[in-house]
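Student: Okay, here's the structure, questions in a sec.
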Amino acid sequence: DAKTTQPTSMDCAEGRAANLPCNHSTISGNEYVYWYRQIHSQGPQYIIHGLKNNETNEMASLIITEDRKSSTLILPHATLRDTAVYYCIVGSGNTPLVFGKGTRLSVIA
Amino acid sequence: NAGVTQTPKFQVLKTGQSMTLQCAQDMNHEYMSWYRQDPGMGLRLIHYSVGAGITDQGEVPNGYNVSRSTTEDFPLRLLSAAPSQTSVYFCASRPNRGVTDTQYFGPGTRLTVL
């Protein structure tokens, strides 16, 4: 079973920041938080991952709370092409990724 | 690099038929895996492999077989297709060097069992 809890769906206005929350209260010390997204019925696409510190790349930012029990994925300026299902996954890297149902983000013009 | 490729893209089977879904990657990745995705659901892990000659079961392995004779290929065999196996099947690979590996997914095979 997935070790994360995410809202089923969210809406975001185009051009605004999209903040996607994820709860992972049972995360272990050596486990990372990974984010993937799936656009339409394509294969999932990697976005970002982190252990303790906040991370940023060209796609998004990842904010992890100090107790590591929750995190937020931030898309700074959402576009219509960011409409997708976003998966938050907890794992140790050498183990298989277990996907939950994710959050369906709709970016609205 | 072609990345992760899957064939066929679409397949219709009758109950009881067998078939093999093909998956190949040209990135020399050690780790490969198969997922299925039912409508409105997340991905569920079927089988995975950490290298040639090594395979292991995931969450939903029943009704499927895998083998890993080469690094590049990881075929998924449906032994006797059932309507419950109607789904989209995704193959994925990653280097397996450690926790920072990115997993790459193929485009999927859409299977319908009548």
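In the structure tokens, chains take the letters A, B, ... in the order shown, each chain's residues start at 1, and ligands count up from 1 in the order shown.
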Show me, as a ChimeraX atom specification, every residue of chain B with an atom at most 10 Å from chain A, counting only C-alpha atoms.

Tutor: /B:31-33,35,37,39-45,47-50,58-59,88-92,94-108,110

Student: Enumerate the residues of chain B with a DSSP assignment of strand (DSSP E), computed from the backbone, and present them as a PyMOL selection string.

Tutor: chain B and resi 4-7+10-13+19-25+31-37+43-51+54-57+64-66+76-78+87-94+104-105+109-113

Student: For a test of reading the model, state the distance in Å between atom CA of B:Pro83 and atom CA of B:Pro8, rounded to one decimal.

Tutor: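 Here the two named atoms are 18.3 Å from each other.
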
Student: How many Å lie between atom CA of A:Cys22 and atom CA of B:Pro61, rounded to one decimal?

Tutor: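 Taking atom CA of A:Cys22 and atom CA of B:Pro61, their separation equals 27.9 Å.
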
Student: For A:Val107, which residue among A:Lys52, A:Arg68, A:Lys3, A:Arg16 is the nearest when counting only C-alpha atoms?

Tutor: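 Answer, going by the shortest atom-to-atom distance: A:Arg16.
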
Student: Record the distance separating atom CA of B:Asp26 and atom CA of A:His40, expressed in Å with one decimal.

Tutor: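 Going from atom CA of B:Asp26 over to atom CA of A:His40, I get 25.1 Å.
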